[in-house]
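Down below is the structure, laid out as structure tokens.
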Amino acid sequence: MRRVPFLISALLSLALCAFARRVVVFGATGKTGQRVVSSLVATYPDCEIVCAVRSLSKARSIIGPDTMSLSVLPCDVVKDSPAKVASIVKGADACVCAFGNSNPSLSGAFDVDYKGTIKTIDACIDAGVP
């Protein structure tokens with residue numbers, strides 16, 4: 001049962017990338033995010049993948065240096081402004097939200113899973129991301 005969210009997100013991201021040239025993956029250093037990024041890189045080598053992450057140092061240790069098709073940008077969907085999130089998704093053909101609350105508190109879940117998701121969706125709408 002634990003693999004169902006991963007399978008759903010991976011299938012959706014792969015379906016989105018069938019037409020996409022630039023995809024932003026929020027939460028790219030998490031368990032699901034890493035799998036989504038790996039699947040995208042393996043399946044769509046010509047697709048530009050932007051990994052939006054809270055920690056650049058963690059991202060560099062997991063993802064490595066930027067390449068022609070894979071880059072990392074700092075973004076915290078809870079703390080950053082809607083304008084910052086919109087600037088990251090601007091020009092993207094698709095956006096994958098793979099972030100989730102890792103804090104056991106209820107307020108952390110509300111901030112990340114609810115507010116962060118709404119902020120990301122609003123940013124995509126404002127930037128014209130399908």
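Ordering of the structure tokens sets the chain letters (A, B, ...); residue numbers start at 1 within each chain; ligands are numbered from 1 in the order shown.
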I'd like the neighbourhood of Ser87 of chain A as a CSV table (one decimal) with N, CA and C atoms, in the first residue's frame, where a residue qualifies if any of its atoms comes within 12 Å (using only C-alpha atoms), though same-chain residues fewer than 5 positions away should be ignored.
chain,number,residue,atom,x,y,z
A,24,VAL,N,9.1,21.1,-13.6
A,24,VAL,CA,9.6,21.5,-12.3
A,24,VAL,C,9.1,20.4,-11.3
A,52,ALA,N,13.2,21.8,-7.5
A,52,ALA,CA,12.9,22.9,-6.5
A,52,ALA,C,13.1,22.2,-5.2
A,73,LEU,N,17.1,24.4,-7.9
A,73,LEU,CA,16.9,25.8,-7.5
A,73,LEU,C,16.3,25.7,-6.1
A,74,PRO,N,16.7,26.7,-5.2
A,74,PRO,CA,16.2,26.7,-3.9
A,74,PRO,C,14.8,27.2,-3.8
A,75,CYS,N,13.9,26.5,-3.1
A,75,CYS,CA,12.6,27.0,-2.9
A,75,CYS,C,11.9,26.2,-1.7
A,80,ASP,N,8.9,30.7,1.4
A,80,ASP,CA,9.1,31.6,0.2
A,80,ASP,C,7.8,32.2,-0.2
A,81,SER,N,7.9,33.4,-0.8
A,81,SER,CA,6.7,34.1,-1.3
A,81,SER,C,6.1,33.4,-2.5
A,82,PRO,N,4.8,33.7,-2.7
A,82,PRO,CA,4.2,33.2,-3.9
A,82,PRO,C,4.9,33.6,-5.2
A,92,ALA,N,7.5,26.6,-17.4
A,92,ALA,CA,7.5,25.2,-17.3
A,92,ALA,C,6.2,24.7,-18.1
A,120,THR,N,1.7,26.5,-4.4
A,120,THR,CA,2.3,25.9,-5.6
A,120,THR,C,1.3,25.9,-6.8
A,122,ASP,N,-1.4,27.8,-7.1
A,122,ASP,CA,-1.7,29.2,-7.4
A,122,ASP,C,-0.5,29.8,-8.3
A,123,ALA,N,0.7,29.4,-8.0
A,123,ALA,CA,1.8,29.9,-8.7
A,123,ALA,C,1.8,29.3,-10.2
A,124,CYS,N,1.4,28.0,-10.3
A,124,CYS,CA,1.3,27.4,-11.6
A,124,CYS,C,0.2,28.1,-12.4
A,125,ILE,N,-0.9,28.4,-11.8
A,125,ILE,CA,-2.0,29.1,-12.5
A,125,ILE,C,-1.6,30.5,-12.9
A,126,ASP,N,-0.9,31.2,-12.0
A,126,ASP,CA,-0.4,32.6,-12.4
A,126,ASP,C,0.6,32.5,-13.5
A,127,ALA,N,1.4,31.5,-13.5
A,127,ALA,CA,2.5,31.4,-14.5
A,127,ALA,C,2.0,30.7,-15.8
A,128,GLY,N,0.8,30.2,-15.8
A,128,GLY,CA,0.2,29.6,-17.0
A,128,GLY,C,0.7,28.2,-17.2
A,129,VAL,N,1.1,27.5,-16.2
A,129,VAL,CA,1.6,26.1,-16.3
A,129,VAL,C,0.3,25.2,-16.3
If you run DSSP over the backbone, which residues in segment 24-73 of chain A end up alpha helix (DSSP H)? Put them as a list in words.
->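 Assigned to alpha helix (DSSP H), within segment 24-73 of chain A: Lys31, Thr32, Gly33, Gln34, Arg35, Val36, Val37, Ser38, Ser39, Leu40, Val41, Ala42, Thr43, Leu56, Ser57, Lys58, Ala59, Arg60, Ser61 and Ile62 of chain A.
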Smallest atom-to-atom distance to Val25 of chain A: which of A:Ile62, A:Ile88, A:Ser55, A:Met68, using only C-alpha atoms?
->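 Nearest candidate to Val25 of chain A out of A:Ile62, A:Ile88, A:Ser55, A:Met68: A:Ile88.
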When you draw a straight line from atom CA of Val112 of chain A to atom CA of Val78 of chain A, how long is it in Å?
->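 Atom CA of Val78 of chain A lies at a distance of 6.0 Å from atom CA of Val112 of chain A.
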Here atom CA of Gln34 of chain A and atom CA of Lys84 of chain A stand apart by 22.5 Å
